[in-house]
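Colleague: Input structure: target.cif, which contains mmCIF, C-alpha atoms.
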data_data
loop_
_atom_site.label_atom_id
_atom_site.label_comp_id
_atom_site.auth_asym_id
_atom_site.auth_seq_id
_atom_site.Cartn_x
_atom_site.Cartn_y
_atom_site.Cartn_z
CA MET A 1 -20.67 -5.16 1.88
CA TYR A 2 -18.87 -2.55 4.04
CA PRO A 3 -20.57 0.74 4.93
CA GLN A 4 -20.73 3.05 1.89
CA SER A 5 -18.03 5.52 3.04
CA LEU A 6 -15.66 2.65 3.66
CA GLU A 7 -16.32 1.11 0.23
CA LYS A 8 -15.60 4.51 -1.31
CA LEU A 9 -12.28 4.80 0.55
CA ILE A 10 -11.37 1.24 -0.49
CA SER A 11 -11.89 2.19 -4.14
CA CYS A 12 -9.71 5.30 -3.63
CA PHE A 13 -6.84 3.24 -2.20
CA ARG A 14 -7.05 0.96 -5.24
CA ILE A 15 -5.69 3.71 -7.50
CA LEU A 16 -2.31 3.29 -5.76
CA PRO A 17 0.26 1.16 -7.61
CA GLY A 18 0.14 -2.54 -6.71
CA VAL A 19 -2.81 -2.17 -4.34
CA GLY A 20 -5.48 -4.85 -4.83
CA GLU A 21 -8.84 -5.39 -3.14
CA LYS A 22 -7.48 -7.06 0.02
CA THR A 23 -4.76 -4.48 0.62
CA ALA A 24 -7.16 -1.58 0.02
CA GLU A 25 -9.52 -3.13 2.58
CA ARG A 26 -6.75 -3.37 5.16
CA TYR A 27 -5.75 0.26 4.54
CA ALA A 28 -9.32 1.54 4.80
CA LEU A 29 -10.03 -0.44 7.97
CA LEU A 30 -6.86 0.95 9.54
CA ILE A 31 -7.97 4.47 8.67
CA SER A 32 -11.33 3.85 10.37
CA GLU A 33 -9.40 2.99 13.57
CA LYS A 34 -7.03 5.99 13.51
CA PRO A 35 -7.69 9.13 15.55
CA GLN A 36 -9.61 11.93 13.79
CA GLU A 37 -6.62 14.34 13.81
CA GLU A 38 -4.29 11.84 12.15
CA VAL A 39 -6.77 11.21 9.32
CA GLN A 40 -7.36 14.94 8.88
CA GLU A 41 -3.60 15.42 8.60
CA PHE A 42 -3.49 12.67 5.96
CA ALA A 43 -6.29 14.28 3.91
CA GLN A 44 -4.57 17.66 4.16
CA ALA A 45 -1.24 16.15 3.04
CA LEU A 46 -2.94 14.78 -0.09
CA LEU A 47 -4.38 18.19 -0.95
CA ASP A 48 -1.10 19.99 -0.16
CA VAL A 49 0.85 17.84 -2.60
CA LYS A 50 -1.51 18.74 -5.44
CA GLN A 51 -1.53 22.38 -4.30
CA ASN A 52 2.20 22.91 -3.78
CA VAL A 53 4.16 20.40 -5.81
CA HIS A 54 4.73 20.82 -9.55
CA PHE A 55 7.44 20.31 -12.16
CA CYS A 56 10.63 22.42 -12.11
CA LYS A 57 10.40 24.63 -15.21
CA ILE A 58 14.00 23.80 -16.11
CA CYS A 59 14.56 20.11 -15.43
CA GLY A 60 11.09 18.61 -14.85
CA ASN A 61 11.86 17.37 -11.33
CA LEU A 62 9.25 17.84 -8.59
CA THR A 63 9.52 21.06 -6.58
CA GLU A 64 7.51 23.54 -4.52
CA HIS A 65 9.29 26.48 -6.15
CA GLU A 66 9.56 27.72 -9.73
CA GLU A 67 12.98 26.10 -10.08
CA CYS A 68 14.05 23.05 -8.05
CA GLU A 69 16.84 23.30 -5.47
CA ILE A 70 19.35 21.61 -7.75
CA CYS A 71 18.64 23.85 -10.76
CA SER A 72 18.93 26.96 -8.59
CA ASP A 73 22.19 25.81 -6.95
CA SER A 74 25.00 27.88 -8.50
CA GLU A 75 27.67 25.55 -7.10
CA ARG A 76 26.59 22.69 -9.33
CA ASN A 77 27.92 22.17 -12.85
CA HIS A 78 25.11 23.33 -15.13
CA ARG A 79 26.98 22.18 -18.24
CA GLN A 80 26.60 18.50 -17.30
CA ILE A 81 23.04 17.14 -17.59
CA LEU A 82 22.11 13.68 -16.33
CA VAL A 83 18.85 12.42 -17.85
CA VAL A 84 16.62 10.14 -15.74
CA GLN A 85 13.15 8.67 -15.90
CA SER A 86 11.65 9.94 -12.64
CA PRO A 87 12.17 12.05 -9.50
CA LYS A 88 12.95 8.81 -7.63
CA ASP A 89 16.08 8.41 -9.76
CA VAL A 90 17.26 11.92 -8.84
CA ILE A 91 16.95 10.99 -5.16
CA ALA A 92 18.90 7.76 -5.76
CA MET A 93 21.74 9.62 -7.52
CA GLU A 94 21.81 12.34 -4.85
CA LYS A 95 22.05 9.71 -2.10
CA MET A 96 25.10 8.31 -3.90
CA GLY A 97 26.52 11.81 -3.48
CA GLU A 98 29.22 11.90 -6.16
CA TYR A 99 27.39 13.66 -8.98
CA LYS A 100 27.79 17.44 -9.05
CA GLY A 101 26.05 18.28 -12.35
CA VAL A 102 22.34 18.91 -12.89
CA TYR A 103 19.44 16.66 -13.95
CA HIS A 104 16.73 16.36 -16.53
CA VAL A 105 13.67 14.33 -15.53
CA LEU A 106 11.73 12.79 -18.45
CA ASN A 107 8.79 11.74 -16.24
CA GLY A 108 8.44 8.48 -18.09
CA LEU A 109 10.06 6.29 -20.75
CA ILE A 110 9.10 5.64 -24.34
CA SER A 111 7.11 2.40 -24.22
CA SER A 112 5.35 0.62 -27.04
CA THR A 113 3.61 -1.73 -24.61
CA LYS A 114 2.28 1.09 -22.42
CA GLY A 115 1.64 3.33 -25.44
CA ILE A 116 3.93 6.12 -24.17
CA MET A 117 5.24 8.19 -27.08
CA PRO A 118 8.17 10.66 -27.13
CA GLU A 119 5.73 13.60 -27.16
CA ASP A 120 4.32 12.44 -23.80
CA LEU A 121 7.71 13.00 -22.17
CA ASN A 122 9.68 16.05 -21.04
CA ILE A 123 12.01 15.93 -24.08
CA ALA A 124 11.54 19.27 -25.90
CA SER A 125 13.14 21.30 -23.10
CA LEU A 126 16.07 18.85 -22.93
CA LEU A 127 16.86 19.57 -26.59
CA GLU A 128 16.90 23.31 -25.80
CA ARG A 129 19.06 22.99 -22.68
CA ALA A 130 21.51 20.60 -24.33
CA GLY A 131 22.80 23.41 -26.57
CA ASP A 132 24.65 24.92 -23.62
CA ALA A 133 25.91 21.64 -22.17
CA ASP A 134 29.34 19.99 -22.30
CA GLU A 135 27.86 16.53 -21.72
CA VAL A 136 24.48 14.84 -21.61
CA ILE A 137 24.54 11.59 -19.60
CA LEU A 138 21.68 9.21 -20.45
CA ALA A 139 20.88 7.43 -17.19
CA THR A 140 17.59 5.72 -17.97
CA ASN A 141 17.09 2.19 -16.63
CA ALA A 142 18.83 -0.81 -18.19
CA THR A 143 15.44 -2.14 -19.32
CA VAL A 144 13.96 -2.43 -22.81
CA ASP A 145 12.09 0.86 -22.44
CA GLY A 146 15.13 2.53 -20.85
CA GLU A 147 17.43 1.46 -23.70
CA THR A 148 14.91 2.46 -26.36
CA THR A 149 14.54 5.91 -24.82
CA ALA A 150 18.32 6.34 -24.52
CA MET A 151 18.85 5.42 -28.18
CA TYR A 152 16.06 7.74 -29.28
CA LEU A 153 17.44 10.67 -27.25
CA ASP A 154 20.98 10.03 -28.52
CA LYS A 155 19.81 10.33 -32.15
CA LEU A 156 17.70 13.39 -31.44
CA LEU A 157 20.48 15.19 -29.55
CA HIS A 158 23.05 14.57 -32.30
CA ALA A 159 20.62 15.71 -34.99
CA LYS A 160 19.94 18.98 -33.18
CA HIS A 161 23.46 19.60 -31.82
CA PRO A 162 26.06 17.94 -34.08
CA GLY A 163 29.26 17.20 -32.16
CA ILE A 164 27.55 17.13 -28.74
CA LEU A 165 28.97 14.67 -26.15
CA VAL A 166 26.25 12.18 -25.22
CA THR A 167 27.19 9.33 -22.84
CA ARG A 168 25.34 6.32 -21.44
CA ILE A 169 25.80 4.99 -17.88
CA ALA A 170 27.77 1.73 -17.74
CA HIS A 171 26.11 -1.68 -17.68
CA GLY A 172 27.77 -4.64 -15.99
CA LEU A 173 27.99 -6.68 -12.82
CA PRO A 174 26.39 -4.86 -9.85
CA ALA A 175 28.48 -4.30 -6.71
CA GLY A 176 28.64 -7.62 -4.81
CA GLY A 177 27.27 -9.40 -7.88
CA MET A 178 28.39 -12.95 -8.57
CA LEU A 179 29.05 -14.33 -12.05
CA ASP A 180 27.05 -17.50 -11.54
CA TYR A 181 23.96 -15.57 -10.45
CA ALA A 182 24.13 -12.91 -13.18
CA ASP A 183 21.80 -13.22 -16.20
CA GLU A 184 23.21 -13.57 -19.72
CA MET A 185 22.49 -9.98 -20.71
CA THR A 186 24.39 -8.65 -17.69
CA LEU A 187 27.35 -10.95 -18.41
CA SER A 188 27.34 -9.91 -22.06
CA HIS A 189 27.43 -6.23 -21.07
CA ALA A 190 30.11 -6.85 -18.46
CA LEU A 191 32.30 -8.51 -21.06
CA THR A 192 31.70 -6.06 -23.92
CA GLU A 193 32.24 -3.00 -21.77
CA ARG A 194 35.40 -4.36 -20.07
CA ARG A 195 38.14 -1.83 -19.48
CA LYS A 196 41.93 -1.93 -19.16
CA MET A 197 43.20 -2.23 -15.59
CA GLN A 198 45.75 0.38 -14.50
CA MET B 1 15.16 15.11 -0.21
CA TYR B 2 11.74 15.43 -1.86
CA PRO B 3 9.78 18.70 -1.66
CA GLN B 4 8.37 19.21 1.85
CA SER B 5 4.71 18.49 0.99
CA LEU B 6 5.73 15.26 -0.67
CA GLU B 7 7.85 14.17 2.32
CA LYS B 8 4.85 14.87 4.56
CA LEU B 9 2.56 12.72 2.38
CA ILE B 10 5.17 9.93 2.35
CA SER B 11 5.18 9.92 6.15
CA CYS B 12 1.35 9.78 6.15
CA PHE B 13 1.31 6.75 3.86
CA ARG B 14 3.74 5.02 6.22
CA ILE B 15 1.04 4.69 8.90
CA LEU B 16 -0.69 2.12 6.65
CA PRO B 17 -0.06 -1.54 7.51
CA GLY B 18 2.97 -3.06 5.75
CA VAL B 19 3.94 0.18 3.98
CA GLY B 20 7.66 0.94 4.16
CA GLU B 21 9.70 3.89 2.87
CA LYS B 22 9.90 2.72 -0.78
CA THR B 23 6.21 1.89 -1.08
CA ALA B 24 5.17 5.17 0.57
CA GLU B 25 7.38 7.01 -1.94
CA ARG B 26 5.73 5.23 -4.87
CA TYR B 27 2.26 6.04 -3.50
CA ALA B 28 3.08 9.73 -2.94
CA LEU B 29 4.69 10.14 -6.37
CA LEU B 30 1.61 8.60 -7.97
CA ILE B 31 -0.61 11.04 -6.09
CA SER B 32 1.48 13.94 -7.41
CA GLU B 33 0.70 12.72 -10.95
CA LYS B 34 -3.06 12.22 -10.46
CA PRO B 35 -5.61 14.85 -11.53
CA GLN B 36 -6.66 17.38 -8.88
CA GLU B 37 -10.26 16.10 -8.71
CA GLU B 38 -9.21 12.52 -8.08
CA VAL B 39 -6.95 13.55 -5.19
CA GLN B 40 -9.67 15.77 -3.73
CA GLU B 41 -12.06 12.81 -3.88
CA PHE B 42 -9.46 10.69 -2.05
CA ALA B 43 -8.99 13.31 0.69
CA GLN B 44 -12.77 13.61 1.08
CA ALA B 45 -13.15 9.83 1.29
CA LEU B 46 -10.66 9.76 4.19
CA LEU B 47 -12.59 12.43 6.06
CA ASP B 48 -15.96 10.81 5.32
CA VAL B 49 -14.88 7.51 6.84
CA LYS B 50 -13.96 9.22 10.11
CA GLN B 51 -17.15 11.30 9.96
CA ASN B 52 -19.68 8.61 9.07
CA VAL B 53 -18.36 5.21 10.10
CA HIS B 54 -18.49 4.01 13.71
CA PHE B 55 -19.16 0.85 15.71
CA CYS B 56 -22.63 -0.71 15.74
CA LYS B 57 -23.91 -0.22 19.29
CA ILE B 58 -25.06 -3.84 19.44
CA CYS B 59 -22.39 -5.98 17.80
CA GLY B 60 -19.34 -3.69 17.37
CA ASN B 61 -19.21 -4.06 13.57
CA LEU B 62 -18.57 -0.96 11.43
CA THR B 63 -21.67 0.91 10.26
CA GLU B 64 -22.93 4.32 9.20
CA HIS B 65 -26.12 3.90 11.24
CA GLU B 66 -26.78 3.38 14.94
CA GLU B 67 -27.22 -0.35 14.39
CA CYS B 68 -25.55 -2.22 11.53
CA GLU B 69 -27.61 -3.78 8.73
CA ILE B 70 -27.25 -7.27 10.13
CA CYS B 71 -28.33 -6.32 13.66
CA SER B 72 -31.36 -4.46 12.31
CA ASP B 73 -32.38 -7.32 10.00
CA SER B 74 -35.41 -9.00 11.59
CA GLU B 75 -35.11 -12.03 9.31
CA ARG B 76 -31.84 -13.14 10.87
CA ASN B 77 -31.66 -15.37 13.94
CA HIS B 78 -30.77 -13.01 16.80
CA ARG B 79 -30.42 -15.93 19.23
CA GLN B 80 -27.31 -17.24 17.48
CA ILE B 81 -24.22 -15.03 17.93
CA LEU B 82 -21.00 -15.65 15.99
CA VAL B 83 -17.99 -13.96 17.61
CA VAL B 84 -15.17 -12.72 15.32
CA GLN B 85 -12.05 -10.61 15.60
CA SER B 86 -12.76 -7.92 13.01
CA PRO B 87 -15.22 -6.51 10.43
CA LYS B 88 -13.20 -8.31 7.72
CA ASP B 89 -14.27 -11.63 9.23
CA VAL B 90 -17.95 -10.64 9.04
CA ILE B 91 -17.50 -9.92 5.33
CA ALA B 92 -15.79 -13.30 4.84
CA MET B 93 -18.63 -15.17 6.58
CA GLU B 94 -21.29 -13.21 4.69
CA LYS B 95 -19.61 -14.01 1.37
CA MET B 96 -19.82 -17.68 2.31
CA GLY B 97 -23.57 -17.00 2.59
CA GLU B 98 -24.74 -19.89 4.81
CA TYR B 99 -24.84 -18.20 8.19
CA LYS B 100 -28.19 -16.67 9.16
CA GLY B 101 -27.48 -15.64 12.75
CA VAL B 102 -25.95 -12.37 13.97
CA TYR B 103 -22.36 -11.36 14.82
CA HIS B 104 -20.30 -9.92 17.61
CA VAL B 105 -17.09 -8.14 16.59
CA LEU B 106 -14.38 -8.03 19.27
CA ASN B 107 -12.23 -5.57 17.31
CA GLY B 108 -9.05 -7.37 18.31
CA LEU B 109 -7.78 -10.47 20.10
CA ILE B 110 -6.22 -10.91 23.52
CA SER B 111 -2.46 -10.84 22.87
CA SER B 112 0.36 -10.98 25.37
CA THR B 113 2.93 -10.07 22.71
CA LYS B 114 0.99 -7.02 21.51
CA GLY B 115 -0.11 -6.13 25.05
CA ILE B 116 -3.84 -6.33 24.20
CA MET B 117 -5.89 -7.12 27.32
CA PRO B 118 -9.51 -8.35 27.56
CA GLU B 119 -10.62 -4.85 28.67
CA ASP B 120 -9.35 -3.42 25.35
CA LEU B 121 -11.88 -5.55 23.44
CA ASN B 122 -15.62 -5.38 22.84
CA ILE B 123 -16.37 -8.12 25.39
CA ALA B 124 -18.64 -6.53 28.04
CA SER B 125 -21.56 -6.14 25.63
CA LEU B 126 -21.13 -9.74 24.43
CA LEU B 127 -21.67 -10.96 28.00
CA GLU B 128 -24.89 -8.92 28.18
CA ARG B 129 -26.21 -10.10 24.80
CA ALA B 130 -25.33 -13.73 25.44
CA GLY B 131 -28.04 -13.94 28.11
CA ASP B 132 -30.72 -13.98 25.38
CA ALA B 133 -28.85 -16.30 23.01
CA ASP B 134 -29.34 -19.99 22.25
CA GLU B 135 -25.75 -20.36 21.04
CA VAL B 136 -22.52 -18.37 21.00
CA ILE B 137 -20.14 -19.54 18.24
CA LEU B 138 -16.51 -18.57 18.88
CA ALA B 139 -15.04 -17.96 15.42
CA THR B 140 -11.74 -16.28 16.22
CA ASN B 141 -8.72 -17.31 14.12
CA ALA B 142 -6.96 -20.64 14.63
CA THR B 143 -3.86 -18.78 15.89
CA VAL B 144 -2.35 -18.57 19.37
CA ASP B 145 -4.14 -15.27 20.08
CA GLY B 146 -7.37 -16.57 18.53
CA GLU B 147 -7.35 -19.73 20.68
CA THR B 148 -6.43 -17.79 23.83
CA THR B 149 -9.31 -15.38 23.26
CA ALA B 150 -11.76 -18.23 22.55
CA MET B 151 -10.78 -20.06 25.74
CA TYR B 152 -11.05 -16.87 27.78
CA LEU B 153 -14.50 -16.04 26.36
CA ASP B 154 -15.72 -19.61 26.92
CA LYS B 155 -14.84 -19.40 30.63
CA LEU B 156 -16.34 -15.94 31.02
CA LEU B 157 -19.58 -16.87 29.23
CA HIS B 158 -20.08 -19.99 31.34
CA ALA B 159 -19.34 -18.09 34.56
CA LYS B 160 -21.94 -15.43 33.74
CA HIS B 161 -24.55 -17.70 32.09
CA PRO B 162 -24.27 -21.26 33.47
CA GLY B 163 -25.65 -23.81 31.01
CA ILE B 164 -25.12 -21.57 27.96
CA LEU B 165 -24.20 -23.32 24.68
CA VAL B 166 -20.78 -22.07 23.54
CA THR B 167 -19.25 -23.67 20.42
CA ARG B 168 -15.95 -23.29 18.58
CA ILE B 169 -15.58 -23.43 14.78
CA ALA B 170 -13.96 -26.66 13.56
CA HIS B 171 -10.23 -26.99 12.93
CA GLY B 172 -8.90 -29.40 10.32
CA LEU B 173 -7.76 -29.81 6.76
CA PRO B 174 -8.80 -26.83 4.57
CA ALA B 175 -10.81 -27.51 1.39
CA GLY B 176 -8.39 -28.80 -1.25
CA GLY B 177 -5.77 -29.35 1.47
CA MET B 178 -3.35 -32.24 1.10
CA LEU B 179 -2.10 -34.34 3.99
CA ASP B 180 1.55 -34.16 2.99
CA TYR B 181 1.49 -30.36 2.88
CA ALA B 182 -0.44 -29.85 6.13
CA ASP B 183 1.49 -28.83 9.26
CA GLU B 184 1.48 -31.04 12.36
CA MET B 185 -0.99 -28.89 14.29
CA THR B 186 -3.51 -29.04 11.45
CA LEU B 187 -3.13 -32.82 11.15
CA SER B 188 -3.49 -33.22 14.91
CA HIS B 189 -6.72 -31.19 14.85
CA ALA B 190 -8.01 -33.06 11.81
CA LEU B 191 -7.48 -36.37 13.59
CA THR B 192 -8.79 -35.35 17.03
CA GLU B 193 -11.90 -33.72 15.63
CA ARG B 194 -12.73 -36.55 13.23
CA ARG B 195 -16.41 -37.44 12.94
CA LYS B 196 -18.43 -40.51 12.04
CA MET B 197 -19.30 -40.79 8.36
CA GLN B 198 -23.00 -41.26 7.44
#
Can you present the structure in this file as structure tokens?
Modeller:
Amino acid sequence: MYPQSLEKLISCFRILPGVGEKTAERYALLISEKPQEEVQEFAQALLDVKQNVHFCKICGNLTEHEECEICSDSERNHRQILVVQSPKDVIAMEKMGEYKGVYHVLNGLISSTKGIMPEDLNIASLLERAGDADEVILATNATVDGETTAMYLDKLLHAKHPGILVTRIAHGLPAGGMLDYADEMTLSHALTERRKMQ
Amino acid sequence: MYPQSLEKLISCFRILPGVGEKTAERYALLISEKPQEEVQEFAQALLDVKQNVHFCKICGNLTEHEECEICSDSERNHRQILVVQSPKDVIAMEKMGEYKGVYHVLNGLISSTKGIMPEDLNIASLLERAGDADEVILATNATVDGETTAMYLDKLLHAKHPGILVTRIAHGLPAGGMLDYADEMTLSHALTERRKMQ
């Protein structure tokens, strides 16, 4: 119904997560109204990301260099490895600002529903790195896929490096969370993982 | 926090309507995972829209030709002009499939809050075209800006072409609408614009 170039752009926008027909239309129409230079900049930014950004050869995070900034930072503790699902999680932890170790980015989670198998993830290099580590912290999401992946990695790490310290981030009531709004699973975790005060 | 190229792409995605920081991040991360060819196609589609798509010189709708397909269709009634805010509205009317006249796309609405003045809209050429028309149907939205624009155009059209037939699309209960869920303005319109049955 729209001119051909516009229909093509609409179909391109639809590859983005959560973008349906209506949203893609709004995006494409906005682009048609933007100044030439701004759209050129946008197109160039798309190409630059594919050109410049790739996985860090050590941890699997996104970087423009061979090793990411965190892996090449000698002031961080390289014997503590925090394992996360995606680069977004690294950013979230870094914003928190208290973690001084390094990361390992799986770039996905094991998922039977999505058909993602362990061999699709950045796991092999974690097993190698873990040999030199004091602690591997499994910080995948508290979801079904996140728990499955954590349990799988825990077994694998112990099989390869007997005696290794593998920990899991705590589950419980979120900051500001109220008991009567928390779901049963959260309450169950909060109770089971209770700790002694002072 | 992200690699520079990725931060740049995130800021580009933020120009899209309703896209905040988190959504732009998700979009950019997805792009970094897509195959090279798909991203190149996306970048090309952006450039093509700016290159090929422009306003129809008659009605202001988007087209890749000098005149849009509707304006150059001799089987349509060129003496009946339906005035809408944007190309999206043309698509909506065409999907409905009952209208056989032509369109005029204002590419915006008069808006005091957004600072959009009549001279920012595609109005001058409407006044010219209207001289040859049997009817001008004002089909702007039933919003404050839509009503303001319709009233303004009605006055302008009558001043320039005394005796011209200018109509406004009906307001009332939408199809499937229920009285007890309708707002007061809708009910007021539905009552005022009631018509004789049979």
Colleague: Figure out the distance between atom CA of A:Thr192 and atom CA of A:Met178, please, to one decimal in Å.
Modeller: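 Separation of atom CA of A:Met178 and atom CA of A:Thr192: 17.1 Å.
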Colleague: What does the PyMOL selection byres ((chain B) within 9 of (chain A)) select in this file, as an mmCIF file with C-alpha atoms, keeping the file's coordinate frame?
Modeller:
data_model
loop_
_atom_site.group_PDB
_atom_site.id
_atom_site.type_symbol
_atom_site.label_atom_id
_atom_site.label_comp_id
_atom_site.auth_asym_id
_atom_site.auth_seq_id
_atom_site.Cartn_x
_atom_site.Cartn_y
_atom_site.Cartn_z
ATOM 1 C CA MET B 1 15.160 15.110 -0.210
ATOM 2 C CA TYR B 2 11.740 15.430 -1.860
ATOM 3 C CA PRO B 3 9.780 18.700 -1.660
ATOM 4 C CA GLN B 4 8.370 19.210 1.850
ATOM 5 C CA SER B 5 4.710 18.490 0.990
ATOM 6 C CA LEU B 6 5.730 15.260 -0.670
ATOM 7 C CA LYS B 8 4.850 14.870 4.560
ATOM 8 C CA LEU B 9 2.560 12.720 2.380
ATOM 9 C CA ILE B 10 5.170 9.930 2.350
ATOM 10 C CA CYS B 12 1.350 9.780 6.150
ATOM 11 C CA PHE B 13 1.310 6.750 3.860
ATOM 12 C CA ILE B 15 1.040 4.690 8.900
ATOM 13 C CA LEU B 16 -0.690 2.120 6.650
ATOM 14 C CA PRO B 17 -0.060 -1.540 7.510
ATOM 15 C CA THR B 23 6.210 1.890 -1.080
ATOM 16 C CA GLU B 25 7.380 7.010 -1.940
ATOM 17 C CA ARG B 26 5.730 5.230 -4.870
ATOM 18 C CA TYR B 27 2.260 6.040 -3.500
ATOM 19 C CA ALA B 28 3.080 9.730 -2.940
ATOM 20 C CA LEU B 29 4.690 10.140 -6.370
ATOM 21 C CA LEU B 30 1.610 8.600 -7.970
ATOM 22 C CA ILE B 31 -0.610 11.040 -6.090
ATOM 23 C CA SER B 32 1.480 13.940 -7.410
ATOM 24 C CA GLU B 33 0.700 12.720 -10.950
ATOM 25 C CA LYS B 34 -3.060 12.220 -10.460
ATOM 26 C CA PRO B 35 -5.610 14.850 -11.530
ATOM 27 C CA GLN B 36 -6.660 17.380 -8.880
ATOM 28 C CA GLU B 38 -9.210 12.520 -8.080
ATOM 29 C CA VAL B 39 -6.950 13.550 -5.190
ATOM 30 C CA GLN B 40 -9.670 15.770 -3.730
ATOM 31 C CA GLU B 41 -12.060 12.810 -3.880
ATOM 32 C CA PHE B 42 -9.460 10.690 -2.050
ATOM 33 C CA ALA B 43 -8.990 13.310 0.690
ATOM 34 C CA GLN B 44 -12.770 13.610 1.080
ATOM 35 C CA ALA B 45 -13.150 9.830 1.290
ATOM 36 C CA LEU B 46 -10.660 9.760 4.190
ATOM 37 C CA LEU B 47 -12.590 12.430 6.060
ATOM 38 C CA ASP B 48 -15.960 10.810 5.320
ATOM 39 C CA VAL B 49 -14.880 7.510 6.840
ATOM 40 C CA LYS B 50 -13.960 9.220 10.110
ATOM 41 C CA GLN B 51 -17.150 11.300 9.960
ATOM 42 C CA ASN B 52 -19.680 8.610 9.070
ATOM 43 C CA VAL B 53 -18.360 5.210 10.100
ATOM 44 C CA HIS B 54 -18.490 4.010 13.710
ATOM 45 C CA LEU B 62 -18.570 -0.960 11.430
ATOM 46 C CA THR B 63 -21.670 0.910 10.260
ATOM 47 C CA GLU B 64 -22.930 4.320 9.200
ATOM 48 C CA HIS B 65 -26.120 3.900 11.240
ATOM 49 C CA CYS B 68 -25.550 -2.220 11.530
ATOM 50 C CA PRO B 87 -15.220 -6.510 10.430
ATOM 51 C CA LYS B 88 -13.200 -8.310 7.720
ATOM 52 C CA ILE B 91 -17.500 -9.920 5.330
ATOM 53 C CA GLU B 94 -21.290 -13.210 4.690
ATOM 54 C CA LYS B 95 -19.610 -14.010 1.370
#
Colleague: List the residues selected by the PyMOL selection byres ((chain A and resi 111) around 10) in the file shown, writing them as a list in words.
Modeller: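 The output of the PyMOL selection byres ((chain A and resi 111) around 10) on this file is Gly108, Leu109, Ile110, Ser112, Thr113, Lys114, Gly115, Ile116, Met117, Pro118, Val144, Asp145, Gly146, Thr148 and Thr149 of chain A.
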Colleague: Which residues of stretch 123-156 of chain A come within 9 Å of stretch 160-168 of chain A, and for each one, what is the closest pair of atoms and their distance in Å to one decimal, counting all atoms listed in the file, sorted by chain and residue number, as a tab-separated table?
Modeller:
residue	atom	partner	partner_atom	distance
A:Leu127	CA	A:Lys160	CA	7.3
A:Ala130	CA	A:His161	CA	7.8
A:Gly131	CA	A:His161	CA	6.5
A:Ala133	CA	A:Ile164	CA	8.1
A:Asp134	CA	A:Leu165	CA	6.6
A:Glu135	CA	A:Leu165	CA	4.9
A:Val136	CA	A:Val166	CA	4.8
A:Ile137	CA	A:Thr167	CA	4.8
A:Leu138	CA	A:Arg168	CA	4.8
A:Ala139	CA	A:Arg168	CA	6.3
A:Thr140	CA	A:Arg168	CA	8.5
A:Ala150	CA	A:Arg168	CA	7.7
A:Asp154	CA	A:Val166	CA	6.6
A:Lys155	CA	A:Lys160	CA	8.7
A:Leu156	CA	A:Lys160	CA	6.3
Colleague: Need to verify the contact set: A:Ala190, 8 Å, only C-alpha atoms, exclusion of same-chain residues closer than 2 positions in sequence. Can you return it as a ChimeraX atom specification?
Modeller: /A:171-173,186-188,192-194
Colleague: Have a look at atom CA of B:Ile70 and atom CA of B:Tyr103 and let me know their distance in Å, one decimal.
Modeller: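 Value for the atom CA of B:Ile70-atom CA of B:Tyr103 distance: 7.9 Å.
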Colleague: When you draw a straight line from atom CA of A:Gly60 to atom CA of A:Asn122, how long is it in Å?
Modeller: 6.8 Å
Colleague: Is it possible to get the residues within 9 Å of (-18.2, -9.0, 23.5) (coordinates as in the file, counting all atoms listed in the file) written as a list in words?
Modeller: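 Protein and nucleic acid residues near the point are Cys59, Gly60, Val83, His104, Val105, Leu106, Leu121, Asn122, Ile123, Ala124, Ser125, Leu126, Leu127, Glu128, Arg129, Ala130 and Leu153 of chain B.
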Colleague: Axis-aligned box over every listed atom of stretch 109-113 of chain B, padded by 5 Å per side: centre and edges in Å to one decimal, as lines of an AutoDock Vina configuration file?
Modeller:
center_x = -2.4
center_y = -10.5
center_z = 22.7
size_x = 20.7
size_y = 10.9
size_z = 15.3
Colleague: Measuring between all atoms listed in the file, which one of A:Leu179, A:Glu66, A:Ser74, A:Met185 shows the shortest distance to A:Thr143?
Modeller: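 Selected residue with least distance to A:Thr143: A:Met185.
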Colleague: Taking the file as shown, find all residues satisfying the PyMOL selection byres ((chain B and resi 78) around 6) and write them as number ranges by chain.
Modeller: B: 77, 79-80, 101-102
